[in-house]
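Participant: To be precise about what I am sending: the file is called input.pdb and holds PDB, C-alpha atoms, pLDDT in the B column.
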```pdb
MODEL        1
ATOM      1  CA  MET A   4      21.968 -13.685  22.950  1.00 42.00           C
ATOM      2  CA  ASP A   5      22.007 -14.307  19.194  1.00 43.00           C
ATOM      3  CA  LYS A   6      18.583 -15.975  19.418  1.00 39.00           C
ATOM      4  CA  LEU A   7      17.186 -12.951  21.269  1.00 40.00           C
ATOM      5  CA  PHE A   8      18.460 -10.492  18.647  1.00 42.00           C
ATOM      6  CA  ARG A   9      17.233 -12.711  15.797  1.00 40.00           C
ATOM      7  CA  SER A  10      13.712 -12.610  17.259  1.00 41.00           C
ATOM      8  CA  PHE A  11      13.770  -8.811  16.883  1.00 50.00           C
ATOM      9  CA  SER A  12      14.989  -9.010  13.291  1.00 51.00           C
ATOM     10  CA  LEU A  13      12.208  -8.096  10.920  1.00 68.00           C
ATOM     11  CA  GLU A  14      13.207  -9.551   7.573  1.00 80.00           C
ATOM     12  CA  LEU A  15      10.876  -9.794   4.622  1.00 85.00           C
ATOM     13  CA  PRO A  16      10.737 -13.397   3.328  1.00 89.00           C
ATOM     14  CA  GLN A  17      11.575 -14.161  -0.305  1.00 92.00           C
ATOM     15  CA  LEU A  18       8.303 -14.759  -2.153  1.00 94.00           C
ATOM     16  CA  GLU A  19       7.471 -15.253  -5.823  1.00 94.00           C
ATOM     17  CA  THR A  20       4.642 -12.835  -6.643  1.00 95.00           C
ATOM     18  CA  MET A  21       3.478  -9.418  -5.573  1.00 95.00           C
ATOM     19  CA  ASP A  22       0.168 -10.926  -4.415  1.00 95.00           C
ATOM     20  CA  GLN A  23       2.096 -13.263  -2.087  1.00 96.00           C
ATOM     21  CA  TYR A  24       4.082 -10.334  -0.707  1.00 96.00           C
ATOM     22  CA  LEU A  25       0.917  -8.310  -0.182  1.00 97.00           C
ATOM     23  CA  ASP A  26      -0.862 -11.235   1.489  1.00 95.00           C
ATOM     24  CA  TYR A  27       2.076 -11.315   3.915  1.00 94.00           C
ATOM     25  CA  ILE A  28       2.604  -7.555   4.397  1.00 95.00           C
ATOM     26  CA  LEU A  29      -0.920  -6.110   4.434  1.00 96.00           C
ATOM     27  CA  PRO A  30      -2.083  -7.726   7.699  1.00 93.00           C
ATOM     28  CA  LEU A  31       1.070  -6.319   9.329  1.00 90.00           C
ATOM     29  CA  VAL A  32       0.686  -2.726   8.072  1.00 93.00           C
ATOM     30  CA  ARG A  33      -3.114  -2.491   8.137  1.00 93.00           C
ATOM     31  CA  PRO A  34      -3.167  -0.862  11.625  1.00 90.00           C
ATOM     32  CA  TRP A  35      -1.441   2.165  10.063  1.00 90.00           C
ATOM     33  CA  SER A  36      -3.859   2.461   7.136  1.00 95.00           C
ATOM     34  CA  GLU A  37      -6.117   5.433   6.556  1.00 96.00           C
ATOM     35  CA  ASP A  38      -9.729   5.284   5.328  1.00 96.00           C
ATOM     36  CA  LEU A  39     -11.064   6.299   1.924  1.00 96.00           C
ATOM     37  CA  ARG A  40     -13.058   9.036   3.677  1.00 95.00           C
ATOM     38  CA  GLU A  41      -9.698  10.724   4.370  1.00 96.00           C
ATOM     39  CA  GLN A  42      -9.415  11.999   0.834  1.00 96.00           C
ATOM     40  CA  GLU A  43      -6.418  14.230   1.517  1.00 97.00           C
ATOM     41  CA  TYR A  44      -4.309  11.064   1.333  1.00 97.00           C
ATOM     42  CA  TYR A  45      -5.127  10.289  -2.296  1.00 97.00           C
ATOM     43  CA  LEU A  46      -6.728  13.282  -4.035  1.00 98.00           C
ATOM     44  CA  GLU A  47      -4.660  15.304  -6.517  1.00 97.00           C
ATOM     45  CA  THR A  48      -1.740  12.886  -6.225  1.00 97.00           C
ATOM     46  CA  ARG A  49       0.066  11.163  -9.082  1.00 97.00           C
ATOM     47  CA  TRP A  50      -0.169   7.455  -8.246  1.00 98.00           C
ATOM     48  CA  LYS A  51       2.112   5.166 -10.266  1.00 97.00           C
ATOM     49  CA  GLU A  52       0.713   1.713 -10.922  1.00 96.00           C
ATOM     50  CA  ILE A  53       2.945  -1.161  -9.811  1.00 96.00           C
ATOM     51  CA  ARG A  54       2.751  -4.670 -11.281  1.00 94.00           C
ATOM     52  CA  ASP A  55       4.918  -7.774 -11.077  1.00 93.00           C
ATOM     53  CA  ASP A  56       4.350  -8.644 -14.733  1.00 87.00           C
ATOM     54  CA  ASP A  57       7.604  -8.791 -16.754  1.00 81.00           C
ATOM     55  CA  GLN A  58       5.628  -7.726 -19.849  1.00 82.00           C
ATOM     56  CA  PHE A  59       4.367  -4.566 -18.105  1.00 82.00           C
ATOM     57  CA  HIS A  60       6.456  -1.654 -19.367  1.00 79.00           C
ATOM     58  CA  GLU A  61       3.906   1.144 -19.567  1.00 85.00           C
ATOM     59  CA  ASP A  62       4.158   4.138 -17.296  1.00 91.00           C
ATOM     60  CA  ILE A  63       0.639   4.314 -15.846  1.00 94.00           C
ATOM     61  CA  LEU A  64      -0.463   7.093 -13.530  1.00 96.00           C
ATOM     62  CA  HIS A  65      -3.799   7.340 -11.733  1.00 97.00           C
ATOM     63  CA  ILE A  66      -5.055  10.700 -10.503  1.00 98.00           C
ATOM     64  CA  PHE A  67      -8.134  11.066  -8.339  1.00 98.00           C
ATOM     65  CA  ARG A  68      -9.401  14.624  -8.525  1.00 97.00           C
ATOM     66  CA  VAL A  69     -12.045  16.587  -6.679  1.00 95.00           C
ATOM     67  CA  GLU A  70     -15.581  16.374  -8.042  1.00 95.00           C
ATOM     68  CA  ASN A  71     -15.009  12.605  -8.477  1.00 96.00           C
ATOM     69  CA  GLU A  72     -12.971  13.008 -11.673  1.00 97.00           C
ATOM     70  CA  TYR A  73     -10.570  10.143 -12.411  1.00 96.00           C
ATOM     71  CA  LEU A  74      -7.655  10.479 -14.822  1.00 96.00           C
ATOM     72  CA  LEU A  75      -5.660   7.572 -16.202  1.00 94.00           C
ATOM     73  CA  SER A  76      -2.402   8.440 -17.947  1.00 95.00           C
ATOM     74  CA  MET A  77      -0.785   5.646 -19.931  1.00 92.00           C
ATOM     75  CA  ASP A  78       2.589   6.781 -21.230  1.00 92.00           C
ATOM     76  CA  GLY A  79       1.211  10.335 -21.251  1.00 91.00           C
ATOM     77  CA  ASN A  80      -2.058   9.531 -23.041  1.00 92.00           C
ATOM     78  CA  ILE A  81      -4.955  10.482 -20.806  1.00 92.00           C
ATOM     79  CA  SER A  82      -8.368   8.909 -20.518  1.00 91.00           C
ATOM     80  CA  LYS A  83     -11.016  10.218 -18.156  1.00 92.00           C
ATOM     81  CA  GLY A  84     -13.487   8.600 -15.875  1.00 94.00           C
ATOM     82  CA  GLN A  85     -15.221   8.919 -12.536  1.00 96.00           C
ATOM     83  CA  TRP A  86     -14.624   7.532  -9.068  1.00 97.00           C
ATOM     84  CA  GLN A  87     -17.130   7.244  -6.271  1.00 96.00           C
ATOM     85  CA  LEU A  88     -17.145   5.955  -2.726  1.00 97.00           C
ATOM     86  CA  LEU A  89     -19.854   3.725  -1.378  1.00 94.00           C
ATOM     87  CA  SER A  90     -21.219   5.157   1.836  1.00 87.00           C
ATOM     88  CA  ARG A  91     -20.349   3.481   5.132  1.00 86.00           C
ATOM     89  CA  SER A  92     -17.655   1.295   3.594  1.00 90.00           C
ATOM     90  CA  ASN A  93     -14.081   1.476   2.371  1.00 94.00           C
ATOM     91  CA  THR A  94     -15.207   0.662  -1.155  1.00 96.00           C
ATOM     92  CA  MET A  95     -14.568   2.591  -4.358  1.00 97.00           C
ATOM     93  CA  ILE A  96     -16.076   2.303  -7.829  1.00 96.00           C
ATOM     94  CA  LEU A  97     -13.874   3.296 -10.770  1.00 95.00           C
ATOM     95  CA  GLU A  98     -15.532   4.022 -14.093  1.00 94.00           C
ATOM     96  CA  ARG A  99     -13.718   4.837 -17.329  1.00 88.00           C
ATOM     97  CA  ILE A 100     -14.086   4.525 -21.047  1.00 79.00           C
ATOM     98  CA  ALA A 101     -11.950   1.580 -22.200  1.00 71.00           C
ATOM     99  CA  ASP A 102      -9.929   1.511 -25.431  1.00 68.00           C
ATOM    100  CA  ASP A 103     -12.895   0.030 -27.306  1.00 69.00           C
ATOM    101  CA  ALA A 104     -15.141   2.966 -26.224  1.00 69.00           C
ATOM    102  CA  VAL A 105     -17.028   0.787 -23.728  1.00 74.00           C
ATOM    103  CA  LEU A 106     -17.697   2.102 -20.241  1.00 81.00           C
ATOM    104  CA  THR A 107     -16.118  -0.160 -17.633  1.00 87.00           C
ATOM    105  CA  SER A 108     -16.955  -0.065 -13.935  1.00 91.00           C
ATOM    106  CA  GLU A 109     -14.902  -1.869 -11.312  1.00 93.00           C
ATOM    107  CA  LEU A 110     -15.555  -2.373  -7.607  1.00 94.00           C
ATOM    108  CA  PHE A 111     -12.567  -2.153  -5.257  1.00 95.00           C
ATOM    109  CA  ASP A 112     -12.191  -2.522  -1.503  1.00 96.00           C
ATOM    110  CA  LEU A 113      -9.470  -0.592   0.268  1.00 97.00           C
ATOM    111  CA  ALA A 114      -6.530  -2.805   1.246  1.00 97.00           C
ATOM    112  CA  PHE A 115      -4.125  -0.091   2.448  1.00 97.00           C
ATOM    113  CA  LEU A 116      -3.714   3.670   2.221  1.00 98.00           C
ATOM    114  CA  ASN A 117      -1.097   6.048   3.567  1.00 96.00           C
ATOM    115  CA  GLN A 118       0.846   9.016   2.225  1.00 95.00           C
ATOM    116  CA  ASN A 119       2.976   6.752  -0.038  1.00 96.00           C
ATOM    117  CA  PHE A 120       0.797   3.767  -0.963  1.00 98.00           C
ATOM    118  CA  PHE A 121      -2.735   3.316  -2.266  1.00 98.00           C
ATOM    119  CA  ILE A 122      -3.620  -0.377  -2.541  1.00 98.00           C
ATOM    120  CA  LEU A 123      -7.044  -1.583  -3.584  1.00 97.00           C
ATOM    121  CA  LYS A 124      -8.369  -5.112  -3.838  1.00 96.00           C
ATOM    122  CA  LYS A 125     -10.729  -5.877  -6.671  1.00 91.00           C
ATOM    123  CA  HIS A 126     -13.943  -7.449  -5.436  1.00 86.00           C
ATOM    124  CA  GLY A 127     -14.205 -11.127  -6.330  1.00 82.00           C
ATOM    125  CA  SER A 128     -11.479 -13.493  -7.471  1.00 74.00           C
ATOM    126  CA  HIS A 129      -9.282 -12.371 -10.329  1.00 73.00           C
ATOM    127  CA  GLN A 130      -5.928 -13.144 -11.882  1.00 77.00           C
ATOM    128  CA  ARG A 131      -4.584  -9.899 -10.397  1.00 82.00           C
ATOM    129  CA  LYS A 132      -5.759  -9.719  -6.811  1.00 91.00           C
ATOM    130  CA  TYR A 133      -4.441  -6.263  -5.890  1.00 95.00           C
ATOM    131  CA  PHE A 134      -4.378  -2.901  -7.630  1.00 95.00           C
ATOM    132  CA  VAL A 135      -1.160  -1.368  -6.299  1.00 97.00           C
ATOM    133  CA  MET A 136      -0.242   2.271  -6.619  1.00 98.00           C
ATOM    134  CA  ALA A 137       2.626   4.178  -5.057  1.00 97.00           C
ATOM    135  CA  ARG A 138       3.305   7.887  -5.026  1.00 97.00           C
ATOM    136  CA  GLU A 139       5.080   8.618  -8.305  1.00 96.00           C
ATOM    137  CA  ASN A 140       8.053  10.407  -6.782  1.00 94.00           C
ATOM    138  CA  ILE A 141       8.986   7.414  -4.597  1.00 92.00           C
ATOM    139  CA  ALA A 142       8.206   4.629  -7.092  1.00 91.00           C
ATOM    140  CA  ARG A 143       9.583   6.231 -10.243  1.00 87.00           C
ATOM    141  CA  ARG A 144      12.634   3.990 -10.669  1.00 84.00           C
ATOM    142  CA  LEU A 145      11.867   1.118  -8.316  1.00 89.00           C
ATOM    143  CA  GLU A 146      11.220  -2.474  -9.319  1.00 92.00           C
ATOM    144  CA  TRP A 147       8.124  -4.079  -7.810  1.00 94.00           C
ATOM    145  CA  ARG A 148      10.161  -6.060  -5.236  1.00 94.00           C
ATOM    146  CA  ASP A 149      11.817  -2.843  -4.042  1.00 94.00           C
ATOM    147  CA  THR A 150       8.364  -1.302  -3.703  1.00 95.00           C
ATOM    148  CA  MET A 151       7.257  -4.237  -1.535  1.00 96.00           C
ATOM    149  CA  GLU A 152      10.360  -3.727   0.623  1.00 94.00           C
ATOM    150  CA  LEU A 153       9.471  -0.045   0.964  1.00 94.00           C
ATOM    151  CA  LEU A 154       5.921  -0.939   2.049  1.00 95.00           C
ATOM    152  CA  PHE A 155       7.314  -3.444   4.563  1.00 93.00           C
ATOM    153  CA  ASN A 156       9.645  -0.754   5.958  1.00 88.00           C
ATOM    154  CA  GLY A 157       6.539   0.956   7.374  1.00 81.00           C
ATOM    155  CA  TYR A 158       5.860  -2.116   9.484  1.00 80.00           C
ATOM    156  CA  ARG A 159       9.526  -2.615  10.287  1.00 74.00           C
ATOM    157  CA  SER A 160      10.023   0.913  11.604  1.00 70.00           C
ATOM    158  CA  ASN A 161       6.780   0.930  13.630  1.00 66.00           C
ATOM    159  CA  SER A 162       7.469  -2.536  15.070  1.00 54.00           C
ATOM    160  CA  GLN A 163      11.028  -1.693  16.040  1.00 50.00           C
ATOM    161  CA  PHE A 164       9.809   1.409  17.843  1.00 52.00           C
ATOM    162  CA  ILE A 165       7.279  -0.684  19.780  1.00 57.00           C
ATOM    163  CA  VAL A 166       9.976  -3.246  20.651  1.00 56.00           C
ATOM    164  CA  TYR A 167      12.269  -0.476  21.922  1.00 57.00           C
ATOM    165  CA  VAL A 168       9.481   1.015  24.035  1.00 59.00           C
ATOM    166  CA  VAL A 169       8.694  -2.410  25.541  1.00 65.00           C
ATOM    167  CA  ILE A 170      12.382  -2.981  26.336  1.00 69.00           C
ATOM    168  CA  VAL A 171      12.657   0.435  28.006  1.00 68.00           C
ATOM    169  CA  VAL A 172       9.476  -0.200  30.040  1.00 73.00           C
ATOM    170  CA  ILE A 173      10.809  -3.599  31.167  1.00 80.00           C
ATOM    171  CA  LEU A 174      14.171  -2.076  32.140  1.00 77.00           C
ATOM    172  CA  VAL A 175      12.459   0.692  34.101  1.00 78.00           C
ATOM    173  CA  ALA A 176      10.229  -1.897  35.827  1.00 77.00           C
ATOM    174  CA  ILE A 177      13.306  -3.959  36.759  1.00 80.00           C
ATOM    175  CA  LEU A 178      15.107  -0.882  38.101  1.00 80.00           C
ATOM    176  CA  VAL A 179      12.054   0.147  40.122  1.00 80.00           C
ATOM    177  CA  ALA A 180      11.670  -3.410  41.465  1.00 79.00           C
ATOM    178  CA  PHE A 181      15.348  -3.552  42.521  1.00 81.00           C
ATOM    179  CA  SER A 182      15.132  -0.120  44.167  1.00 82.00           C
ATOM    180  CA  PHE A 183      12.532  -1.508  46.596  1.00 78.00           C
ATOM    181  CA  PHE A 184      14.740  -4.454  47.636  1.00 70.00           C
TER     182      PHE A 184
ENDMDL
END
```
If you convert what's in this file into structure tokens, what do you get?

Facilitator:
Amino acid sequence: MDKLFRSFSLELPQLETMDQYLDYILPLVRPWSEDLREQEYYLETRWKEIRDDDQFHEDILHIFRVENEYLLSMDGNISKGQWQLLSRSNTMILERIADDAVLTSELFDLAFLNQNFFILKKHGSHQRKYFVMARENIARRLEWRDTMELLFNGYRSNSQFIVYVVIVVILVAILVAFSFF
């Protein structure tokens, strides 16, 4: 019996980096992701940037506004830019003026999007693989590991529901089968 219950346990393994956690979690939660075309999920929302860097202490917010305006707030100091979607793909280009007054453009593919998380993957291979943002009101005081646990909870709750439905269907099938004998 213990083995059966352990198979339904959905524990998040202990990993070292946020990229490792995301490599593990994203394939599990991807079926519940929205598309970038569904702009109501990310427009006019204060997205807090999440990093697993111990030296990262800034409070960075990203705001995607209508008319393709992009705002970056670093500890309350705002810089402006533009965002644009590439047609027929889940790809976004972010452009902003960097600290040295140089225009930077970055290409990101959507990794995951829902009402609480906006995760992009920078095209190519980089030191930081994912650009992770969470809705400010849920990520305000969380450490990055707690944020990964919160993301995994989406999979955990959906998977447990599916397991319960399968168990109920099996029980009903057994009851129906025994009613005929």

Participant: Report the residues retrieved by the PyMOL selection byres ((chain A and resi 149) around 12) from the displayed file, expressed as a PyMOL selection string.

Facilitator: chain A and resi 15+17+21+24+53-55+137+141-148+150-156

Participant: Taking 3 positions as the minimum chain separation for residues in the same chain, which residues sit within 9 Å of Glu72 of chain A when counting all atoms listed in the file? Answer as a PDB file with C-alpha atoms, in the coordinates of the input.

Facilitator:
```
ATOM      1  CA  ILE A  66      -5.055  10.700 -10.503  1.00 98.00           C
ATOM      2  CA  PHE A  67      -8.134  11.066  -8.339  1.00 98.00           C
ATOM      3  CA  ARG A  68      -9.401  14.624  -8.525  1.00 97.00           C
ATOM      4  CA  VAL A  69     -12.045  16.587  -6.679  1.00 95.00           C
ATOM      5  CA  LYS A  83     -11.016  10.218 -18.156  1.00 92.00           C
ATOM      6  CA  GLY A  84     -13.487   8.600 -15.875  1.00 94.00           C
ATOM      7  CA  GLN A  85     -15.221   8.919 -12.536  1.00 96.00           C
ATOM      8  CA  TRP A  86     -14.624   7.532  -9.068  1.00 97.00           C
ATOM      9  CA  GLN A  87     -17.130   7.244  -6.271  1.00 96.00           C
TER      10      GLN A  87
END
```

Participant: Tell me which of A:Tyr73, A:Tyr158, A:Phe59, A:Phe183 sits closest to Ile96 of chain A, counting only C-alpha atoms.

Facilitator: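 The answer is A:Tyr73, which sits nearest to Ile96 of chain A.
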
Participant: Tell me which residues the PyMOL selection byres ((chain A and resi 33-47) around 7) grabs here, as a list in words.

Facilitator: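 Those residues are Leu29, Pro30, Leu31, Val32, Thr48, Arg49, Ile66, Phe67, Arg68, Val69, Asn93, Phe115, Leu116, Asn117 and Gln118 of chain A.
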
Participant: Taking (-11.3, 3.2, -1.3) in the file's own coordinates, collect the residues within 7 Å, counting all atoms listed in the file, and hand them back as a ChimeraX atom specification.

Facilitator: /A:39,88,93-95,111-113,123

Participant: Go ahead and save the picked residues with C-alpha atoms, as a tab-separated table (two decimals), in the frame of the given file.

Facilitator:
```
chain	number	residue	atom	x	y	z
A	39	LEU	CA	-11.06	6.30	1.92
A	88	LEU	CA	-17.14	5.96	-2.73
A	93	ASN	CA	-14.08	1.48	2.37
A	94	THR	CA	-15.21	0.66	-1.16
A	95	MET	CA	-14.57	2.59	-4.36
A	111	PHE	CA	-12.57	-2.15	-5.26
A	112	ASP	CA	-12.19	-2.52	-1.50
A	113	LEU	CA	-9.47	-0.59	0.27
A	123	LEU	CA	-7.04	-1.58	-3.58
```

Participant: In Å, how far is it from atom CA of His65 of chain A to atom CA of Trp50 of chain A?

Facilitator: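 Atom-to-atom, atom CA of His65 of chain A to atom CA of Trp50 of chain A, that is 5.0 Å.
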
Participant: Once you count all atoms listed in the file, which residues end up no further than 9 Å from (-20.4, -6.2, -4.9) in the file's frame, shown as a short mmCIF file (atom, residue, chain, number, x, y, z; two decimals) with C-alpha atoms, in the frame of the given file?

Facilitator:
```cif
data_model
loop_
_atom_site.label_atom_id
_atom_site.label_comp_id
_atom_site.auth_asym_id
_atom_site.auth_seq_id
_atom_site.Cartn_x
_atom_site.Cartn_y
_atom_site.Cartn_z
CA LEU A 110 -15.56 -2.37 -7.61
CA PHE A 111 -12.57 -2.15 -5.26
CA HIS A 126 -13.94 -7.45 -5.44
CA GLY A 127 -14.20 -11.13 -6.33
#
```

Participant: Atom CA of Leu75 of chain A and atom CA of Ser108 of chain A are how many Å apart?

Facilitator: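 So the two atoms, atom CA of Leu75 of chain A and atom CA of Ser108 of chain A, lie 13.8 Å apart.
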
Participant: Name the residues in contact with Tyr133 of chain A at a cut-off of 6 Å, using only C-alpha atoms, excluding same-chain residues fewer than 2 positions from it; report them as a list of chain:residue names.

Facilitator: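 The filter keeps A:Leu123, A:Lys124, A:Arg131, A:Val135.
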
Participant: If you measure from atom CA of Asp78 of chain A to atom CA of Glu139 of chain A, what distance in Å do you get, rounded to one decimal?

Facilitator: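 Those two atoms sit 13.3 Å apart.
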
Participant: Go through A:Lys132, A:His60, A:Lys51, A:Lys125 and flag the residue nearest Gln23 of chain A, using all atoms listed in the file for the distances.

Facilitator: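 Going through A:Lys132, A:His60, A:Lys51, A:Lys125 one by one, the smallest distance to Gln23 of chain A is for A:Lys132.
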
Participant: Would you mind telling me which residue in A:Asp22, A:Arg159, A:Glu52, A:Gly79 lies nearest to His129 of chain A when using all atoms listed in the file?

Facilitator: A:Asp22

Participant: When distances are computed from all atoms listed in the file, which of A:Leu97, A:Met136, A:Leu18, A:Ile177 shows the smallest separation from Asn71 of chain A?

Facilitator: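 Once distances to Asn71 of chain A are computed over all atoms listed in the file, the minimum belongs to A:Leu97.
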
Participant: For all heavy atoms, please extract segment 89-98 of chain A from the block and return it as an mmCIF file, in the first residue's frame.

Facilitator:
```
data_model
loop_
_atom_site.group_PDB
_atom_site.id
_atom_site.type_symbol
_atom_site.label_atom_id
_atom_site.label_comp_id
_atom_site.auth_asym_id
_atom_site.auth_seq_id
_atom_site.Cartn_x
_atom_site.Cartn_y
_atom_site.Cartn_z
ATOM 1 N N LEU A 89 6.844 38.082 -32.980
ATOM 2 C CA LEU A 89 7.042 37.617 -34.342
ATOM 3 C C LEU A 89 5.804 36.830 -34.741
ATOM 4 O O LEU A 89 5.303 36.014 -33.972
ATOM 5 C CB LEU A 89 8.281 36.735 -34.443
ATOM 6 C CG LEU A 89 9.611 37.424 -34.136
ATOM 7 C CD1 LEU A 89 10.763 36.448 -34.317
ATOM 8 C CD2 LEU A 89 9.814 38.631 -35.033
ATOM 9 N N SER A 90 5.312 37.095 -35.935
ATOM 10 C CA SER A 90 4.080 36.433 -36.358
ATOM 11 C C SER A 90 4.283 34.927 -36.505
ATOM 12 O O SER A 90 5.372 34.458 -36.819
ATOM 13 C CB SER A 90 3.581 37.033 -37.679
ATOM 14 O OG SER A 90 4.543 36.849 -38.677
ATOM 15 N N ARG A 91 3.223 34.201 -36.227
ATOM 16 C CA ARG A 91 3.178 32.743 -36.341
ATOM 17 C C ARG A 91 4.211 32.014 -35.489
ATOM 18 O O ARG A 91 4.683 30.935 -35.839
ATOM 19 C CB ARG A 91 3.295 32.299 -37.789
ATOM 20 C CG ARG A 91 2.050 32.655 -38.580
ATOM 21 C CD ARG A 91 2.225 32.292 -39.996
ATOM 22 N NE ARG A 91 2.825 33.490 -40.609
ATOM 23 C CZ ARG A 91 3.300 33.569 -41.816
ATOM 24 N NH1 ARG A 91 3.273 32.532 -42.576
ATOM 25 N NH2 ARG A 91 3.804 34.677 -42.280
ATOM 26 N N SER A 92 4.590 32.617 -34.371
ATOM 27 C CA SER A 92 5.501 31.935 -33.450
ATOM 28 C C SER A 92 5.266 32.471 -32.046
ATOM 29 O O SER A 92 4.627 33.501 -31.864
ATOM 30 C CB SER A 92 6.963 32.153 -33.847
ATOM 31 O OG SER A 92 7.341 33.487 -33.612
ATOM 32 N N ASN A 93 5.759 31.780 -31.073
ATOM 33 C CA ASN A 93 5.706 32.234 -29.686
ATOM 34 C C ASN A 93 7.040 32.881 -29.333
ATOM 35 O O ASN A 93 7.719 32.479 -28.394
ATOM 36 C CB ASN A 93 5.398 31.060 -28.745
ATOM 37 C CG ASN A 93 3.934 30.982 -28.404
ATOM 38 O OD1 ASN A 93 3.256 32.002 -28.311
ATOM 39 N ND2 ASN A 93 3.446 29.781 -28.221
ATOM 40 N N THR A 94 7.405 33.878 -30.131
ATOM 41 C CA THR A 94 8.690 34.549 -29.996
ATOM 42 C C THR A 94 8.480 36.044 -29.804
ATOM 43 O O THR A 94 7.642 36.652 -30.451
ATOM 44 C CB THR A 94 9.562 34.290 -31.249
ATOM 45 O OG1 THR A 94 9.694 32.874 -31.414
ATOM 46 C CG2 THR A 94 10.925 34.908 -31.121
ATOM 47 N N MET A 95 9.265 36.609 -28.893
ATOM 48 C CA MET A 95 9.159 38.028 -28.558
ATOM 49 C C MET A 95 10.530 38.681 -28.688
ATOM 50 O O MET A 95 11.550 38.085 -28.334
ATOM 51 C CB MET A 95 8.654 38.172 -27.117
ATOM 52 C CG MET A 95 8.589 39.590 -26.610
ATOM 53 S SD MET A 95 8.017 39.675 -24.885
ATOM 54 C CE MET A 95 6.254 39.655 -25.141
ATOM 55 N N ILE A 96 10.534 39.908 -29.188
ATOM 56 C CA ILE A 96 11.752 40.716 -29.230
ATOM 57 C C ILE A 96 11.581 41.836 -28.213
ATOM 58 O O ILE A 96 10.561 42.544 -28.217
ATOM 59 C CB ILE A 96 11.985 41.317 -30.634
ATOM 60 C CG1 ILE A 96 12.203 40.208 -31.656
ATOM 61 C CG2 ILE A 96 13.180 42.279 -30.609
ATOM 62 C CD1 ILE A 96 12.270 40.692 -33.091
ATOM 63 N N LEU A 97 12.571 41.981 -27.326
ATOM 64 C CA LEU A 97 12.584 43.085 -26.370
ATOM 65 C C LEU A 97 13.699 44.039 -26.751
ATOM 66 O O LEU A 97 14.844 43.614 -26.930
ATOM 67 C CB LEU A 97 12.838 42.572 -24.948
ATOM 68 C CG LEU A 97 11.730 41.796 -24.282
ATOM 69 C CD1 LEU A 97 12.150 41.381 -22.874
ATOM 70 C CD2 LEU A 97 10.459 42.615 -24.225
ATOM 71 N N GLU A 98 13.343 45.312 -26.872
ATOM 72 C CA GLU A 98 14.325 46.345 -27.184
ATOM 73 C C GLU A 98 14.277 47.396 -26.091
ATOM 74 O O GLU A 98 13.201 47.810 -25.678
ATOM 75 C CB GLU A 98 14.007 47.014 -28.518
ATOM 76 C CG GLU A 98 14.132 46.104 -29.704
ATOM 77 C CD GLU A 98 13.799 46.812 -31.013
ATOM 78 O OE1 GLU A 98 13.117 47.863 -30.981
ATOM 79 O OE2 GLU A 98 14.210 46.304 -32.061
#
```
